[in-house]
$ cat entry.cif   # mmCIF, C-alpha atoms and all ligand atoms
data_target
loop_
_atom_site.label_atom_id
_atom_site.label_comp_id
_atom_site.auth_asym_id
_atom_site.auth_seq_id
_atom_site.Cartn_x
_atom_site.Cartn_y
_atom_site.Cartn_z
CA SER A 12 -6.42 -74.72 -54.48
CA GLU A 13 -3.85 -77.13 -53.09
CA TRP A 14 -1.37 -76.71 -50.31
CA GLU A 15 1.74 -78.70 -49.56
CA CYS A 16 4.50 -78.99 -46.98
CA THR A 17 7.35 -81.38 -46.20
CA VAL A 18 8.88 -82.10 -42.80
CA GLU A 19 11.19 -84.65 -41.19
CA ALA A 20 11.16 -86.44 -37.84
CA PRO A 21 13.88 -88.44 -36.12
CA VAL A 22 14.04 -91.85 -34.52
CA ASN A 23 14.25 -92.10 -30.73
CA ILE A 24 15.74 -94.90 -28.72
CA ALA A 25 14.34 -95.65 -25.26
CA LEU A 26 16.83 -95.86 -22.39
CA VAL A 27 14.10 -96.74 -19.89
CA LYS A 28 11.51 -98.58 -21.92
CA TYR A 29 7.80 -98.09 -22.38
CA TRP A 30 6.08 -101.48 -22.15
CA GLY A 31 2.35 -101.92 -21.52
CA LYS A 32 -0.75 -99.73 -21.69
CA LYS A 33 -3.44 -98.56 -19.31
CA ASP A 34 -5.63 -97.59 -22.23
CA GLU A 35 -5.35 -99.13 -25.71
CA LYS A 36 -7.33 -96.50 -27.61
CA LEU A 37 -5.77 -93.39 -26.05
CA ILE A 38 -2.41 -95.17 -25.84
CA LEU A 39 -1.78 -94.34 -22.20
CA PRO A 40 1.36 -96.11 -20.99
CA TYR A 41 1.63 -98.21 -17.90
CA ASN A 42 4.98 -96.62 -16.98
CA ASP A 43 7.05 -93.49 -17.59
CA SER A 44 9.87 -93.81 -20.12
CA ILE A 45 12.89 -91.81 -21.24
CA SER A 46 14.70 -91.76 -24.57
CA LEU A 47 17.43 -90.23 -26.69
CA THR A 48 16.39 -88.70 -29.98
CA LEU A 49 18.85 -89.57 -32.72
CA ASP A 50 20.24 -87.23 -35.34
CA GLU A 51 17.47 -86.85 -37.91
CA THR A 52 19.83 -86.51 -40.84
CA VAL A 53 20.54 -90.23 -40.88
CA LEU A 54 17.60 -92.27 -39.65
CA GLY A 55 14.05 -91.05 -39.52
CA THR A 56 11.07 -90.24 -41.69
CA ARG A 57 10.21 -87.60 -44.31
CA THR A 58 6.57 -86.74 -44.90
CA THR A 59 4.85 -84.51 -47.42
CA VAL A 60 1.29 -83.48 -46.74
CA SER A 61 -0.94 -81.78 -49.26
CA TYR A 62 -4.53 -80.86 -48.77
CA SER A 63 -7.25 -79.79 -51.07
CA ALA A 64 -11.04 -79.60 -51.18
CA THR A 65 -10.92 -81.60 -54.38
CA TYR A 66 -9.54 -84.77 -52.74
CA GLU A 67 -12.32 -87.21 -52.04
CA GLU A 68 -10.87 -88.71 -48.90
CA ASP A 69 -7.71 -88.77 -46.79
CA CYS A 70 -5.06 -91.02 -48.27
CA LEU A 71 -1.70 -92.40 -47.20
CA VAL A 72 1.26 -93.43 -49.36
CA LEU A 73 3.90 -95.24 -47.28
CA ASN A 74 7.29 -95.94 -48.89
CA GLY A 75 5.74 -95.63 -52.33
CA GLU A 76 2.69 -97.78 -51.72
CA GLU A 77 -0.83 -96.62 -51.07
CA GLN A 78 -2.06 -97.96 -47.73
CA LYS A 79 -5.32 -98.22 -45.92
CA ILE A 80 -5.46 -95.62 -43.16
CA SER A 81 -5.30 -97.42 -39.82
CA SER A 82 -7.76 -96.63 -37.05
CA ARG A 83 -4.86 -95.15 -35.06
CA LEU A 84 -3.93 -92.78 -37.87
CA GLU A 85 -7.61 -91.95 -38.24
CA ASN A 86 -7.62 -90.95 -34.56
CA VAL A 87 -4.58 -88.76 -35.07
CA ILE A 88 -6.12 -87.00 -38.08
CA GLU A 89 -9.43 -86.54 -36.28
CA GLU A 90 -7.71 -85.02 -33.23
CA ILE A 91 -5.66 -82.70 -35.42
CA ARG A 92 -8.83 -81.53 -37.21
CA ARG A 93 -10.41 -80.90 -33.81
CA ALA A 94 -7.35 -78.96 -32.64
CA PHE A 95 -7.46 -76.94 -35.84
CA ARG A 96 -11.13 -75.99 -35.36
CA LYS A 97 -10.42 -74.91 -31.80
CA HIS A 98 -7.44 -72.87 -32.96
CA ALA A 99 -9.47 -71.28 -35.78
CA VAL A 100 -12.28 -70.27 -33.46
CA ARG A 101 -9.86 -68.88 -30.91
CA ASN A 102 -8.15 -66.84 -33.60
CA LYS A 103 -11.49 -65.70 -35.06
CA MET A 104 -10.96 -67.20 -38.50
CA ASN A 105 -13.89 -66.17 -40.65
CA ALA A 106 -16.67 -68.69 -40.82
CA GLN A 107 -16.52 -69.21 -44.55
CA ASN A 108 -12.80 -70.00 -44.55
CA LEU A 109 -13.29 -72.34 -41.62
CA MET A 110 -16.03 -74.14 -43.55
CA ILE A 111 -13.80 -74.51 -46.59
CA MET A 112 -10.83 -75.68 -44.50
CA THR A 113 -12.79 -78.37 -42.71
CA ARG A 114 -13.80 -79.81 -46.06
CA PHE A 115 -10.16 -80.32 -47.00
CA ARG A 116 -8.86 -83.84 -47.27
CA PHE A 117 -5.21 -84.82 -46.82
CA ARG A 118 -2.79 -86.69 -49.00
CA ILE A 119 0.04 -87.99 -46.81
CA VAL A 120 3.17 -89.23 -48.52
CA THR A 121 5.66 -90.63 -46.04
CA GLU A 122 9.01 -92.34 -46.44
CA ASN A 123 11.62 -93.88 -44.17
CA LYS A 124 14.99 -92.35 -44.90
CA MET A 125 16.97 -95.54 -44.60
CA PRO A 126 14.97 -98.33 -46.20
CA THR A 127 17.40 -101.05 -45.09
CA ALA A 128 16.60 -100.13 -41.53
CA ALA A 129 12.85 -99.87 -42.12
CA GLY A 130 12.14 -101.85 -38.98
CA LEU A 131 14.07 -99.42 -36.84
CA ALA A 132 11.54 -97.56 -34.74
CA SER A 133 9.75 -96.66 -37.94
CA SER A 134 6.41 -96.32 -36.17
CA ALA A 135 7.88 -93.75 -33.78
CA SER A 136 9.47 -91.43 -36.32
CA GLY A 137 6.69 -92.18 -38.82
CA MET A 138 3.79 -91.16 -36.62
CA ALA A 139 5.71 -88.20 -35.21
CA CYS A 140 6.45 -87.07 -38.74
CA ILE A 141 2.86 -87.38 -39.98
CA THR A 142 1.65 -85.46 -36.93
CA PHE A 143 4.25 -82.75 -37.47
CA ALA A 144 3.42 -82.50 -41.19
CA LEU A 145 -0.35 -82.25 -40.66
CA CYS A 146 0.02 -79.65 -37.90
CA THR A 147 2.46 -77.63 -40.00
CA ALA A 148 0.15 -77.76 -43.02
CA LEU A 149 -2.70 -76.41 -40.90
CA GLY A 150 -0.52 -73.81 -39.20
CA ILE A 151 -1.03 -75.16 -35.67
CA ALA A 152 2.39 -76.78 -35.05
CA GLU A 153 3.33 -74.02 -32.59
CA SER A 154 0.05 -73.87 -30.71
CA VAL A 155 -0.72 -77.51 -29.92
CA ASP A 156 1.10 -80.21 -27.96
CA MET A 157 2.14 -82.41 -30.86
CA SER A 158 3.46 -85.11 -28.55
CA ARG A 159 -0.10 -85.73 -27.30
CA LEU A 160 -1.32 -86.03 -30.89
CA ALA A 161 1.57 -88.25 -32.06
CA ARG A 162 1.00 -90.51 -29.04
CA LEU A 163 -2.39 -91.48 -30.46
CA GLY A 164 -0.60 -92.92 -33.49
CA SER A 165 2.03 -94.91 -31.59
CA GLY A 166 3.13 -94.49 -28.00
CA SER A 167 6.84 -94.10 -28.60
CA ALA A 168 6.13 -91.50 -31.33
CA CYS A 169 5.36 -88.86 -28.71
CA ARG A 170 9.05 -88.79 -27.74
CA SER A 171 10.24 -88.16 -31.31
CA ILE A 172 8.66 -84.69 -31.24
CA TYR A 173 11.62 -83.41 -29.22
CA GLY A 174 15.38 -83.69 -29.54
CA GLY A 175 17.88 -84.68 -26.87
CA LEU A 176 16.88 -86.52 -23.72
CA VAL A 177 13.09 -86.84 -23.65
CA GLN A 178 10.78 -88.14 -20.95
CA TRP A 179 7.24 -89.40 -21.50
CA GLU A 180 5.21 -89.21 -18.34
CA ALA A 181 2.42 -91.74 -18.08
CA GLY A 182 0.18 -89.06 -16.58
CA LYS A 183 -2.81 -89.29 -14.28
CA GLU A 184 -5.71 -87.89 -16.31
CA GLU A 185 -8.19 -90.34 -17.79
CA ASP A 186 -8.39 -88.42 -21.05
CA GLY A 187 -4.61 -88.61 -21.49
CA SER A 188 -4.18 -84.84 -21.52
CA ASP A 189 -1.12 -85.07 -19.27
CA SER A 190 0.40 -88.11 -20.98
CA VAL A 191 2.91 -86.10 -22.99
CA ALA A 192 6.62 -86.00 -23.71
CA LYS A 193 8.97 -83.30 -22.44
CA GLN A 194 12.56 -82.47 -23.26
CA ILE A 195 14.76 -82.94 -20.19
CA TYR A 196 18.07 -81.94 -21.83
CA PRO A 197 18.77 -80.75 -25.38
CA ALA A 198 21.23 -82.80 -27.45
CA HIS A 199 23.99 -80.24 -26.92
CA ALA A 200 23.92 -80.89 -23.17
CA TRP A 201 26.05 -83.96 -23.85
CA PRO A 202 27.48 -83.48 -27.35
CA GLU A 203 30.03 -86.32 -27.00
CA LEU A 204 27.28 -88.93 -26.70
CA ARG A 205 26.98 -91.31 -29.66
CA VAL A 206 24.57 -94.02 -30.71
CA LEU A 207 25.62 -96.73 -33.13
CA VAL A 208 22.90 -98.87 -34.66
CA LEU A 209 23.86 -102.43 -35.49
CA VAL A 210 21.28 -103.90 -37.83
CA VAL A 211 20.99 -107.55 -36.96
CA ASN A 212 19.34 -109.41 -39.79
CA GLY A 213 16.65 -111.78 -38.78
CA GLU A 214 13.15 -112.89 -39.61
CA LYS A 215 10.46 -110.34 -39.10
CA LYS A 216 9.34 -110.55 -35.49
CA LYS A 217 6.28 -112.70 -35.03
CA ILE A 218 4.82 -110.60 -32.24
CA GLY A 219 4.84 -106.84 -32.64
CA SER A 220 5.37 -104.55 -29.68
CA THR A 221 1.68 -103.61 -29.42
CA LYS A 222 0.65 -107.25 -28.99
CA GLY A 223 3.72 -108.21 -26.96
CA MET A 224 3.19 -105.54 -24.32
CA GLN A 225 -0.49 -106.44 -24.08
CA MET A 226 0.45 -110.05 -23.32
CA SER A 227 3.02 -108.95 -20.73
CA ILE A 228 0.45 -106.79 -18.94
CA GLU A 229 -1.84 -109.80 -18.72
CA THR A 230 0.66 -112.46 -17.69
CA SER A 231 3.97 -111.17 -16.33
CA ASP A 232 4.26 -110.64 -12.58
CA PHE A 233 7.38 -108.57 -13.20
CA MET A 234 5.09 -105.81 -14.43
CA ILE A 235 3.78 -105.13 -10.93
CA SER A 236 7.01 -103.47 -9.81
CA ARG A 237 7.67 -101.87 -13.19
CA PRO A 238 6.19 -98.35 -12.75
CA LYS A 239 8.23 -97.66 -9.61
CA GLN A 240 11.35 -99.21 -11.12
CA CYS A 241 11.03 -96.95 -14.17
CA LYS A 242 10.62 -93.82 -12.04
CA ASP A 243 13.80 -94.68 -10.11
CA ARG A 244 15.77 -95.49 -13.24
CA ILE A 245 14.63 -92.31 -15.01
CA GLN A 246 15.94 -90.33 -12.06
CA GLU A 247 19.27 -92.11 -12.37
CA VAL A 248 19.41 -91.38 -16.11
CA CYS A 249 18.70 -87.68 -15.46
CA TRP A 250 21.33 -87.55 -12.76
CA ALA A 251 23.93 -89.30 -14.94
CA PHE A 252 23.12 -86.89 -17.74
CA GLN A 253 23.50 -83.88 -15.54
CA ALA A 254 26.83 -85.14 -14.24
CA LYS A 255 27.82 -86.50 -17.68
CA HIS A 256 28.71 -89.67 -15.84
CA PHE A 257 28.81 -92.34 -18.51
CA PRO A 258 29.34 -95.45 -16.34
CA ALA A 259 26.19 -94.62 -14.36
CA LEU A 260 24.20 -93.95 -17.52
CA GLY A 261 25.46 -97.08 -19.26
CA GLU A 262 24.62 -99.31 -16.35
CA VAL A 263 20.98 -98.16 -16.16
CA ILE A 264 20.57 -98.44 -19.93
CA MET A 265 21.78 -102.05 -20.01
CA LYS A 266 19.80 -103.04 -16.93
CA ASP A 267 16.60 -101.64 -18.33
CA SER A 268 17.07 -103.34 -21.69
CA ASN A 269 17.66 -106.61 -19.86
CA THR A 270 14.59 -106.03 -17.71
CA LEU A 271 12.42 -105.51 -20.80
CA HIS A 272 13.60 -108.79 -22.29
CA ALA A 273 13.23 -110.59 -18.97
CA ILE A 274 9.61 -109.38 -18.83
CA CYS A 275 9.11 -110.72 -22.34
CA ARG A 276 10.50 -114.12 -21.33
CA ASP A 277 8.24 -114.05 -18.25
CA THR A 278 5.21 -113.46 -20.49
CA LEU A 279 2.94 -116.38 -21.38
CA PRO A 280 3.50 -117.64 -23.97
CA PRO A 281 7.07 -116.33 -23.68
CA VAL A 282 8.33 -113.83 -26.23
CA ASN A 283 11.94 -113.62 -27.31
CA TYR A 284 12.95 -110.63 -29.41
CA LEU A 285 16.69 -111.24 -29.21
CA ASN A 286 18.53 -113.72 -31.37
CA GLU A 287 21.92 -115.38 -31.13
CA THR A 288 23.70 -112.38 -32.61
CA SER A 289 22.06 -110.07 -30.08
CA GLU A 290 23.27 -112.31 -27.28
CA VAL A 291 26.80 -112.35 -28.66
CA LEU A 292 26.77 -108.55 -28.83
CA ILE A 293 25.63 -108.32 -25.20
CA GLU A 294 28.52 -110.49 -24.12
CA PHE A 295 30.90 -108.52 -26.33
CA VAL A 296 29.94 -105.24 -24.63
CA HIS A 297 30.44 -106.64 -21.14
CA ASP A 298 33.80 -108.13 -22.09
CA LEU A 299 34.90 -104.87 -23.68
CA ASN A 300 33.86 -102.88 -20.62
CA SER A 301 35.78 -105.17 -18.32
CA ILE A 302 38.89 -104.75 -20.47
CA ILE A 303 38.53 -100.97 -20.43
CA GLY A 304 37.92 -101.14 -16.69
CA GLU A 305 34.63 -99.27 -16.51
CA VAL A 306 31.32 -99.11 -18.34
CA SER A 307 32.22 -97.26 -21.55
CA VAL A 308 29.75 -98.81 -23.98
CA ALA A 309 26.12 -99.73 -23.31
CA TYR A 310 23.69 -101.77 -25.40
CA THR A 311 19.97 -101.50 -25.61
CA PHE A 312 17.40 -103.55 -27.58
CA ASP A 313 13.77 -102.81 -28.38
CA ALA A 314 11.24 -105.37 -29.54
CA GLY A 315 13.67 -106.87 -32.03
CA PRO A 316 17.23 -108.17 -32.44
CA ASN A 317 18.80 -104.87 -33.60
CA CYS A 318 21.40 -103.50 -31.25
CA PHE A 319 21.83 -99.87 -30.25
CA LEU A 320 25.19 -99.07 -28.74
CA VAL A 321 25.55 -95.92 -26.63
CA PHE A 322 29.01 -94.54 -25.84
CA GLN A 323 31.08 -91.36 -25.87
CA GLU A 324 33.00 -89.95 -28.81
CA LYS A 325 36.36 -90.75 -27.22
CA HIS A 326 35.61 -94.48 -27.61
CA GLU A 327 34.19 -94.30 -31.12
CA HIS A 328 37.35 -95.32 -33.01
CA LEU A 329 38.26 -98.12 -30.66
CA LEU A 330 34.73 -99.49 -30.71
CA LYS A 331 34.32 -99.35 -34.47
CA TRP A 332 37.70 -100.92 -34.99
CA ILE A 333 37.01 -103.82 -32.64
CA LEU A 334 33.55 -104.30 -34.13
CA SER A 335 34.96 -104.39 -37.62
CA GLN A 336 37.60 -106.92 -36.57
CA THR A 337 35.11 -109.20 -34.88
CA PHE A 338 31.72 -108.84 -36.59
CA LEU A 339 31.75 -107.01 -39.88
CA ASP A 340 32.03 -108.64 -43.28
CA SER A 341 33.78 -107.01 -46.25
CA ASN A 342 30.69 -104.91 -47.04
CA GLY A 343 30.68 -103.40 -43.59
CA LEU A 344 27.56 -105.34 -42.66
CA LEU A 345 27.11 -107.23 -39.47
CA ASN A 346 27.93 -110.85 -40.02
CA THR A 347 25.03 -112.68 -38.45
CA ASP A 348 25.83 -116.19 -39.63
CA LYS A 349 28.98 -116.85 -37.74
CA PRO A 350 29.87 -114.29 -35.15
CA LYS A 351 33.63 -114.52 -35.09
CA PHE A 352 33.96 -113.05 -31.66
CA ASP A 353 36.01 -115.31 -29.50
CA ASN A 354 36.23 -114.97 -25.75
CA ASP A 355 39.65 -116.54 -25.52
CA GLU A 356 41.25 -113.75 -27.52
CA ASN A 357 40.60 -111.38 -24.69
C1 LIG A 401 10.16 -101.64 -26.90
O1 LIG A 401 5.41 -97.36 -29.44
O2 LIG A 401 5.81 -99.33 -30.97
O3 LIG A 401 10.30 -99.79 -28.38
O4 LIG A 401 2.25 -97.69 -28.62
O5 LIG A 401 1.56 -99.96 -29.37
O6 LIG A 401 2.52 -98.34 -31.03
P1 LIG A 401 2.50 -98.81 -29.57
O7 LIG A 401 3.95 -99.41 -29.28
P2 LIG A 401 5.38 -98.83 -29.63
O8 LIG A 401 6.26 -99.54 -28.50
C2 LIG A 401 7.61 -99.31 -28.34
C3 LIG A 401 8.18 -100.25 -27.35
C4 LIG A 401 9.68 -100.23 -27.20
C5 LIG A 401 10.12 -99.36 -26.02
C6 LIG A 401 10.09 -97.87 -26.21
O9 LIG A 401 10.26 -97.37 -27.33
O10 LIG A 401 9.94 -97.20 -25.16
#

$ encode --input "entry.cif" --output "structure tokens" --more "lines below"
Ligand code: DP6
Amino acid sequence: SEWECTVEAPVNIALVKYWGKKDEKLILPYNDSISLTLDETVLGTRTTVSYSATYEEDCLVLNGEEQKISSRLENVIEEIRRAFRKHAVRNKMNAQNLMIMTRFRFRIVTENKMPTAAGLASSASGMACITFALCTALGIAESVDMSRLARLGSGSACRSIYGGLVQWEAGKEEDGSDSVAKQIYPAHAWPELRVLVLVVNGEKKKIGSTKGMQMSIETSDFMISRPKQCKDRIQEVCWAFQAKHFPALGEVIMKDSNTLHAICRDTLPPVNYLNETSEVLIEFVHDLNSIIGEVSVAYTFDAGPNCFLVFQEKHEHLLKWILSQTFLDSNGLLNTDKPKFDNDEN
């Protein structure tokens, strides 16, 4: 007796960034954060879960390769099993079935949809997807808070459970029960909003976000004012969203990205996730906005050099055209060797 299901989960991109933890094991964040969930048809993860009493142990196949199950994923699976038992008892599942079910082991086969962009928030959509798949397989997807479960796999994953504009509240409880994500607005609240991902080639980052944020917590003084700053900025994002006021939204997005990277530079030893191309793109966006006369395009960067541009549909053609004229090679890929962008032309 074997059972199987396949689900998908999208990537999310933080507008006000999560950086730092209060609790490493429960993955409780030091500050609130807010993000946009991207369209899952392009980027994201697809996961197939099967379970059977004949499997000897849980196993994970990631992008075609069998992997050791990390302690974080182990925590997620354990919590999902616990949630399942609770659910079964509450729904008076018969004892024999419950016994059989708890003996089941999972086979998790998970794949990033766009391999070339494997580094793009793959932990967020990946952990969200595995959580979603396991909960669906066990029939508890509707009755548990999957964002709490996904959080145990990777903090930012909790926001990929929902679409649209999503806020992750740090929460106050020690057990993390209130550290969950909530949808603030669905995607259709601002249907003209677009995100363009510019994949900036570069070496694999030396310091991952888990380690980087740990170092910042320990050494950067900028972190002291961070929780309050995030609360204020999240309010601004929500207001801008409600009013569909792009210049206000764009300004907060860029400021918060810059704050994140300033914190990283203030960390000891300093961390730099941006490269020369990222810096050129930042300048490009500011120049473009000053030509247009108001903030019409905003950039944001996570713990890496890839650039996410946020803008409205009405600027899509103009933006893509200018980008193609200045940065793209004949294959449509970002030319990272020699950015051709020249200030004097503008
Ligand atoms: C810069 O969620 O990858 O992308 O919780 O340790 O797995 P862990 O970290 P992770 O950190 C993401 C950091 C960020 C900002 C964000 O997504 O909010």

$ residues_around --input "entry.cif" --residues "segment 30-45 of chain A" --least-positions-apart "6" --cutoff "8 Å" --atoms "all atoms listed in the file" --output "JSON, numbers by chain"
{"A": [83, 162, 163, 165, 166, 176, 177, 178, 179, 180, 181, 182, 186, 187, 190, 224, 225, 227, 228, 237, 238, 241, 242, 245, 271]}

$ residues_near_ligand --input "entry.cif" --ligand "ligand LIG 401 (chain A)" --cutoff "7 Å" --atoms "all atoms listed in the file" --output "MDAnalysis selection string"
chainID A and resid 24:25 27:30 38 44 132 134:135 164:168 220:221 313:314

$ atom_distance --input "entry.cif" --atom1 "atom CA of Ala198 of chain A" --atom2 "atom CA of Tyr173 of chain A"
9.8 Å

$ closest_atom_pairs --input "entry.cif" --of "segment 110-152 of chain A" --to "segment 59-62 of chain A" --cutoff "8 Å" --atoms "only C-alpha atoms" --output "Markdown table"
| residue | atom | partner | partner_atom | distance |
| --- | --- | --- | --- | --- |
| A:Phe115 | CA | A:Tyr62 | CA | 5.9 |
| A:Arg116 | CA | A:Tyr62 | CA | 5.5 |
| A:Phe117 | CA | A:Tyr62 | CA | 4.5 |
| A:Arg118 | CA | A:Ser61 | CA | 5.3 |
| A:Ile119 | CA | A:Val60 | CA | 4.7 |
| A:Val120 | CA | A:Thr59 | CA | 5.1 |
| A:Thr121 | CA | A:Thr59 | CA | 6.3 |
| A:Ile141 | CA | A:Val60 | CA | 8.0 |
| A:Ala144 | CA | A:Val60 | CA | 6.0 |
| A:Leu145 | CA | A:Val60 | CA | 6.4 |
| A:Ala148 | CA | A:Val60 | CA | 6.9 |

$ closest_residue --input "entry.cif" --among "A:Thr56, A:Thr113, A:Thr288, A:Thr270" --to "Leu149 of chain A" --atoms "all atoms listed in the file"
A:Thr113

$ build_atoms --input "entry.cif" --residues "segment 142-164 of chain A" --atoms "N, CA and C atoms" --output "short mmCIF file (atom, residue, chain, number, x, y, z; two decimals), in the coordinates of the input"
data_model
loop_
_atom_site.label_atom_id
_atom_site.label_comp_id
_atom_site.auth_asym_id
_atom_site.auth_seq_id
_atom_site.Cartn_x
_atom_site.Cartn_y
_atom_site.Cartn_z
N THR A 142 2.26 -86.44 -37.83
CA THR A 142 1.65 -85.46 -36.93
C THR A 142 2.22 -84.06 -37.18
N PHE A 143 3.53 -84.01 -37.26
CA PHE A 143 4.25 -82.75 -37.47
C PHE A 143 3.84 -82.13 -38.81
N ALA A 144 3.76 -82.98 -39.85
CA ALA A 144 3.42 -82.50 -41.19
C ALA A 144 1.99 -81.95 -41.23
N LEU A 145 1.06 -82.69 -40.64
CA LEU A 145 -0.35 -82.25 -40.66
C LEU A 145 -0.51 -80.94 -39.89
N CYS A 146 0.13 -80.86 -38.71
CA CYS A 146 0.02 -79.65 -37.90
C CYS A 146 0.66 -78.46 -38.60
N THR A 147 1.79 -78.71 -39.27
CA THR A 147 2.46 -77.63 -40.00
C THR A 147 1.58 -77.15 -41.16
N ALA A 148 1.01 -78.11 -41.88
CA ALA A 148 0.15 -77.76 -43.02
C ALA A 148 -1.01 -76.88 -42.57
N LEU A 149 -1.55 -77.17 -41.39
CA LEU A 149 -2.70 -76.41 -40.90
C LEU A 149 -2.30 -75.19 -40.09
N GLY A 150 -1.00 -75.00 -39.91
CA GLY A 150 -0.52 -73.81 -39.20
C GLY A 150 -0.73 -73.86 -37.70
N ILE A 151 -0.80 -75.06 -37.12
CA ILE A 151 -1.03 -75.16 -35.67
C ILE A 151 0.15 -75.83 -34.95
N ALA A 152 1.26 -76.06 -35.65
CA ALA A 152 2.39 -76.78 -35.05
C ALA A 152 2.90 -76.09 -33.78
N GLU A 153 2.80 -74.76 -33.74
CA GLU A 153 3.33 -74.02 -32.59
C GLU A 153 2.33 -73.96 -31.43
N SER A 154 1.06 -74.15 -31.74
CA SER A 154 0.05 -73.87 -30.71
C SER A 154 -0.61 -75.11 -30.10
N VAL A 155 -0.18 -76.30 -30.54
CA VAL A 155 -0.72 -77.51 -29.92
C VAL A 155 0.41 -78.32 -29.32
N ASP A 156 0.08 -79.29 -28.45
CA ASP A 156 1.10 -80.21 -27.96
C ASP A 156 1.14 -81.39 -28.92
N MET A 157 2.09 -81.36 -29.83
CA MET A 157 2.14 -82.41 -30.86
C MET A 157 2.47 -83.78 -30.28
N SER A 158 3.12 -83.80 -29.12
CA SER A 158 3.46 -85.11 -28.55
C SER A 158 2.18 -85.86 -28.13
N ARG A 159 1.18 -85.11 -27.66
CA ARG A 159 -0.10 -85.73 -27.30
C ARG A 159 -0.78 -86.31 -28.55
N LEU A 160 -0.69 -85.59 -29.64
CA LEU A 160 -1.32 -86.03 -30.89
C LEU A 160 -0.57 -87.22 -31.49
N ALA A 161 0.77 -87.15 -31.49
CA ALA A 161 1.57 -88.25 -32.06
C ALA A 161 1.39 -89.53 -31.24
N ARG A 162 1.19 -89.37 -29.93
CA ARG A 162 1.00 -90.51 -29.04
C ARG A 162 -0.18 -91.38 -29.49
N LEU A 163 -1.20 -90.75 -30.02
CA LEU A 163 -2.39 -91.48 -30.46
C LEU A 163 -2.09 -92.40 -31.66
N GLY A 164 -0.99 -92.10 -32.34
CA GLY A 164 -0.60 -92.92 -33.49
C GLY A 164 0.26 -94.10 -33.08
#
